Amino acid sequence: MTKTYAVTGVASGIGAKLAQRLKSAGHRVVGFDLHETRENVDVFIPLDLNDDTSISAAARQVPSKLDGLCNNAGLPPRTGLEAEILQVNFLGTRALTQAMLPHFNTGASIVNMASRAGHGWSENVDQIKRLGQLTRASQLPQFIATEGIDATRCYNLSKEVMILWTIAETEAMVKRGFRINSLSPGGIATGILGDFQKAFGARMAKNVARAGRPGAPEEIAEIAAFLLSPVSNWIKGADIAIDGGMGAFNQSDAMGLESLRLTGGPNP
């Protein structure tokens, strides 16, 4: 059955591959981006998540009911964009989702694009809550100054809050007849991979080397399409890591799990 899905950040990277995947399955795609594209979208709507006026205008232009929304648009950890990272990756995304709720059909699925970089959330819950209390972009410069955070921390924080926001919204979404989940990719070969290599340096290089390669955007798109689909309807409030095993490598190292491994296998 043909569904209609909305995808932000549809002009490139994971968003473009997701739109392509959805179209190839026979679905309709409403695409949002700062940069116009007509590839793999039935309707394109301009969207600047750094502009509240653009967010509300974009939501008003949605032409039909939706069966799902993938909040994929985001900024990388780039010095000088600290406030924009928090606005686009979280505050703007949250505002867009709120504005889109009236467009959802019963059973609609929301997929938030978090990151493996957000998996340190358990150590930063108080800071995440402080960010969650903000409602306007104008509040962000003071928040950043008070917290004393740089672009890399802003990025990590923006993904930590996406994971916890997903958890926080789960019950309310279920009561509305919707569901919400997040995805946490790690080391994906898109046009902004260089930003992550610069920000995370040797640690990222080691993780990618252990995984054997960076991930491909179409691999993330496949999982996002699955989460949007009704076949995944009992998955609610989950964060799914798609990182080639990088998280498991680090957990095994941290907990010293060598004794649990099969014997006689190759030693890394």
# chains A, B, ... in the order shown; residues from 1 in each chain; ligands from 1
call {"tool": "closest_atom_pairs", "arguments": {"of": "stretch 47-158 of chain A", "to": "stretch 213-220 of chain A", "cutoff": "12 Å", "atoms": "only C-alpha atoms", "output": "JSON lines"}}
result
{"residue": "A:Cys70", "atom": "CA", "partner": "A:Ile220", "partner_atom": "CA", "distance": 11.8}
{"residue": "A:Asn72", "atom": "CA", "partner": "A:Ile220", "partner_atom": "CA", "distance": 10.8}
{"residue": "A:Val111", "atom": "CA", "partner": "A:Ile220", "partner_atom": "CA", "distance": 11.7}
{"residue": "A:Met113", "atom": "CA", "partner": "A:Ile220", "partner_atom": "CA", "distance": 9.7}
{"residue": "A:Ala114", "atom": "CA", "partner": "A:Ile220", "partner_atom": "CA", "distance": 11.6}
{"residue": "A:Ser115", "atom": "CA", "partner": "A:Ile220", "partner_atom": "CA", "distance": 11.2}
call {"tool": "write_last_selection", "arguments": {"atoms": "N, CA, C and O atoms", "output": "PDB file, in the first residue's frame"}}
result
ATOM      1  N   CYS A  70      10.847  11.508   8.934  1.00  0.00           N
ATOM      2  CA  CYS A  70      12.226  11.258   9.338  1.00  0.00           C
ATOM      3  C   CYS A  70      12.925  12.591   9.527  1.00  0.00           C
ATOM      4  O   CYS A  70      13.135  13.340   8.566  1.00  0.00           O
ATOM      5  N   ASN A  72      15.909  14.017   9.647  1.00  0.00           N
ATOM      6  CA  ASN A  72      17.268  13.663   9.253  1.00  0.00           C
ATOM      7  C   ASN A  72      18.204  14.860   9.146  1.00  0.00           C
ATOM      8  O   ASN A  72      19.413  14.711   9.312  1.00  0.00           O
ATOM      9  N   VAL A 111      10.918   9.138  12.994  1.00  0.00           N
ATOM     10  CA  VAL A 111      12.281   8.617  13.125  1.00  0.00           C
ATOM     11  C   VAL A 111      13.225   9.796  13.291  1.00  0.00           C
ATOM     12  O   VAL A 111      13.348  10.634  12.397  1.00  0.00           O
ATOM     13  N   MET A 113      17.017  11.201  13.675  1.00  0.00           N
ATOM     14  CA  MET A 113      18.392  10.821  13.383  1.00  0.00           C
ATOM     15  C   MET A 113      19.300  11.352  14.489  1.00  0.00           C
ATOM     16  O   MET A 113      19.619  12.548  14.537  1.00  0.00           O
ATOM     17  N   ALA A 114      19.687  10.464  15.386  1.00  0.00           N
ATOM     18  CA  ALA A 114      20.632  10.814  16.447  1.00  0.00           C
ATOM     19  C   ALA A 114      22.034  10.458  15.947  1.00  0.00           C
ATOM     20  O   ALA A 114      22.366  10.715  14.785  1.00  0.00           O
ATOM     21  N   SER A 115      22.863   9.865  16.787  1.00  0.00           N
ATOM     22  CA  SER A 115      24.233   9.532  16.394  1.00  0.00           C
ATOM     23  C   SER A 115      24.886   8.704  17.492  1.00  0.00           C
ATOM     24  O   SER A 115      24.511   8.808  18.668  1.00  0.00           O
TER      25      SER A 115
END
call {"tool": "select_by_dssp", "arguments": {"residues": "stretch 38-75 of chain A", "states": "strand (DSSP E or B)", "output": "list in words"}}
result
Val43, Phe44, Ile45, Pro46, Leu66, Asp67, Gly68, Leu69, Cys70 and Asn71 of chain A
call {"tool": "atom_distance", "arguments": {"atom1": "atom CA of A:Leu227", "atom2": "atom CA of A:Gly118"}}
result
19.3 Å
call {"tool": "closest_residue", "arguments": {"among": "A:His119, A:Lys23, A:Arg176, A:Lys159", "to": "A:Gln251", "atoms": "only C-alpha atoms"}}
result
A:His119
call {"tool": "closest_residue", "arguments": {"among": "A:Met100, A:Ala25, A:Ala19, A:Ala211", "to": "A:Gln61", "atoms": "only C-alpha atoms"}}
result
A:Met100
call {"tool": "atom_distance", "arguments": {"atom1": "atom CA of A:Ala16", "atom2": "atom CA of A:Gly31"}}
result
9.1 Å
call {"tool": "residues_around", "arguments": {"residues": "A:Val174", "least_positions_apart": "4", "cutoff": "12 Å", "atoms": "only C-alpha atoms", "output": "VMD selection string"}}
result
chain A and resid 106 to 110 166 to 170 178 to 181 233 to 237
call {"tool": "write_last_selection", "arguments": {"atoms": "C-alpha atoms", "output": "compact mmCIF listing (two decimals), in the first residue's frame"}}
result
# COMPACT_ATOMS: atom_id res chain seq x y z
CA THR A 106 -3.05 7.32 12.90
CA GLY A 107 -0.10 4.92 13.15
CA ALA A 108 2.40 7.47 11.83
CA SER A 109 6.06 6.86 12.65
CA ILE A 110 8.62 9.51 13.63
CA THR A 166 12.68 10.40 21.79
CA ILE A 167 12.38 8.48 25.06
CA ALA A 168 10.52 11.35 26.74
CA GLU A 169 7.96 11.60 23.93
CA THR A 170 7.26 7.88 23.57
CA PHE A 178 1.83 7.61 16.74
CA ARG A 179 5.25 6.18 17.56
CA ILE A 180 8.74 7.61 17.79
CA ASN A 181 12.23 6.09 17.64
CA ASN A 233 5.02 -1.08 14.55
CA TRP A 234 5.97 -2.68 17.88
CA ILE A 235 9.26 -0.76 18.03
CA LYS A 236 8.54 2.32 20.12
CA GLY A 237 10.91 4.57 22.06
call {"tool": "residues_around", "arguments": {"residues": "stretch 77-81 of chain A", "least_positions_apart": "6", "cutoff": "6 Å", "atoms": "only C-alpha atoms", "output": "PyMOL selection string"}}
result
chain A and resi 151-152+155
call {"tool": "write_last_selection", "arguments": {"atoms": "all heavy atoms", "output": "mmCIF file, in the first residue's frame"}}
result
data_model
loop_
_atom_site.group_PDB
_atom_site.id
_atom_site.type_symbol
_atom_site.label_atom_id
_atom_site.label_comp_id
_atom_site.auth_asym_id
_atom_site.auth_seq_id
_atom_site.Cartn_x
_atom_site.Cartn_y
_atom_site.Cartn_z
ATOM 1 N N ALA A 151 32.137 23.449 19.685
ATOM 2 C CA ALA A 151 31.304 22.903 18.613
ATOM 3 C C ALA A 151 31.152 21.387 18.720
ATOM 4 O O ALA A 151 30.066 20.850 18.471
ATOM 5 C CB ALA A 151 31.890 23.281 17.256
ATOM 6 N N THR A 152 32.228 20.696 19.087
ATOM 7 C CA THR A 152 32.147 19.247 19.199
ATOM 8 C C THR A 152 31.199 18.845 20.320
ATOM 9 O O THR A 152 30.368 17.942 20.159
ATOM 10 C CB THR A 152 33.540 18.637 19.433
ATOM 11 O OG1 THR A 152 34.378 18.944 18.304
ATOM 12 C CG2 THR A 152 33.458 17.130 19.591
ATOM 13 N N TYR A 155 27.654 19.417 19.252
ATOM 14 C CA TYR A 155 27.161 18.338 18.390
ATOM 15 C C TYR A 155 26.777 17.114 19.226
ATOM 16 O O TYR A 155 25.672 16.573 19.077
ATOM 17 C CB TYR A 155 28.210 17.950 17.346
ATOM 18 C CG TYR A 155 27.722 16.813 16.476
ATOM 19 C CD1 TYR A 155 26.858 17.063 15.420
ATOM 20 C CD2 TYR A 155 28.090 15.496 16.747
ATOM 21 C CE1 TYR A 155 26.367 16.017 14.643
ATOM 22 C CE2 TYR A 155 27.600 14.454 15.980
ATOM 23 C CZ TYR A 155 26.746 14.720 14.921
ATOM 24 O OH TYR A 155 26.249 13.676 14.171
#
call {"tool": "residues_around", "arguments": {"residues": "A:Ala117", "least_positions_apart": "3", "cutoff": "12 Å", "atoms": "only C-alpha atoms", "output": "number ranges by chain"}}
result
A: 76-77, 113-114, 120-121, 152-163, 183-187, 196, 199-200, 203-204, 241-243, 246-247
call {"tool": "closest_residue", "arguments": {"among": "A:Asp67, A:Asp33, A:Asp253, A:Asp42", "to": "A:Asn105", "atoms": "only C-alpha atoms"}}
result
A:Asp67
call {"tool": "residues_around", "arguments": {"residues": "A:Phe143", "least_positions_apart": "2", "cutoff": "12 Å", "atoms": "only C-alpha atoms", "output": "PDB file with C-alpha atoms, in the first residue's frame"}}
result
ATOM      1  CA  GLU A  82      27.809  26.221  17.939  1.00  0.00           C
ATOM      2  CA  ALA A  83      24.394  27.884  18.287  1.00  0.00           C
ATOM      3  CA  LEU A  86      21.911  23.133  18.775  1.00  0.00           C
ATOM      4  CA  GLN A  87      19.138  24.991  16.951  1.00  0.00           C
ATOM      5  CA  GLN A 127      22.931  19.366  30.916  1.00  0.00           C
ATOM      6  CA  ILE A 128      20.547  17.729  28.453  1.00  0.00           C
ATOM      7  CA  ARG A 130      18.872  22.353  30.741  1.00  0.00           C
ATOM      8  CA  LEU A 131      19.013  22.430  26.951  1.00  0.00           C
ATOM      9  CA  GLY A 132      15.543  20.912  26.759  1.00  0.00           C
ATOM     10  CA  GLN A 133      14.130  23.820  28.744  1.00  0.00           C
ATOM     11  CA  LEU A 134      15.112  26.275  25.992  1.00  0.00           C
ATOM     12  CA  THR A 135      12.529  27.238  23.395  1.00  0.00           C
ATOM     13  CA  ARG A 136      14.180  29.928  21.245  1.00  0.00           C
ATOM     14  CA  ALA A 137      17.360  30.267  19.213  1.00  0.00           C
ATOM     15  CA  SER A 138      18.035  33.587  20.944  1.00  0.00           C
ATOM     16  CA  GLN A 139      18.615  31.706  24.217  1.00  0.00           C
ATOM     17  CA  LEU A 140      21.409  29.568  22.805  1.00  0.00           C
ATOM     18  CA  PRO A 141      24.405  31.971  22.909  1.00  0.00           C
ATOM     19  CA  ALA A 145      28.635  30.570  27.221  1.00  0.00           C
ATOM     20  CA  THR A 146      27.303  29.434  30.599  1.00  0.00           C
ATOM     21  CA  GLU A 147      27.948  25.757  29.836  1.00  0.00           C
ATOM     22  CA  GLY A 148      31.377  26.516  28.363  1.00  0.00           C
ATOM     23  CA  ILE A 149      30.961  24.162  25.396  1.00  0.00           C
ATOM     24  CA  ASP A 150      32.634  24.069  21.979  1.00  0.00           C
ATOM     25  CA  CYS A 154      27.425  21.068  21.011  1.00  0.00           C
TER      26      CYS A 154
END
call {"tool": "closest_residue", "arguments": {"among": "A:Lys206, A:Lys175, A:Lys129, A:Arg116", "to": "A:Ile188", "atoms": "only C-alpha atoms"}}
result
A:Arg116
call {"tool": "closest_residue", "arguments": {"among": "A:Ala205, A:Leu91, A:Leu34, A:Leu164", "to": "A:Ala238", "atoms": "only C-alpha atoms"}}
result
A:Leu164
call {"tool": "closest_residue", "arguments": {"among": "A:Leu228, A:Val10, A:Glu39, A:Asp195", "to": "A:Leu66", "atoms": "only C-alpha atoms"}}
result
A:Leu228
call {"tool": "atom_distance", "arguments": {"atom1": "atom CA of A:Asp52", "atom2": "atom CA of A:Thr37"}}
result
21.6 Å
call {"tool": "select_by_dssp", "arguments": {"residues": "stretch 114-218 of chain A", "states": "alpha helix (DSSP H)", "output": "ChimeraX atom specification"}}
result
/A:125-132,140-147,151-176,193-211,217-218
call {"tool": "residues_around", "arguments": {"residues": "A:Gly15", "least_positions_apart": "5", "cutoff": "8 Å", "atoms": "only C-alpha atoms", "output": "list in words"}}
result
Val7, Thr8, Gly9, Val10, Asn72, Ala73 and Ala221 of chain A
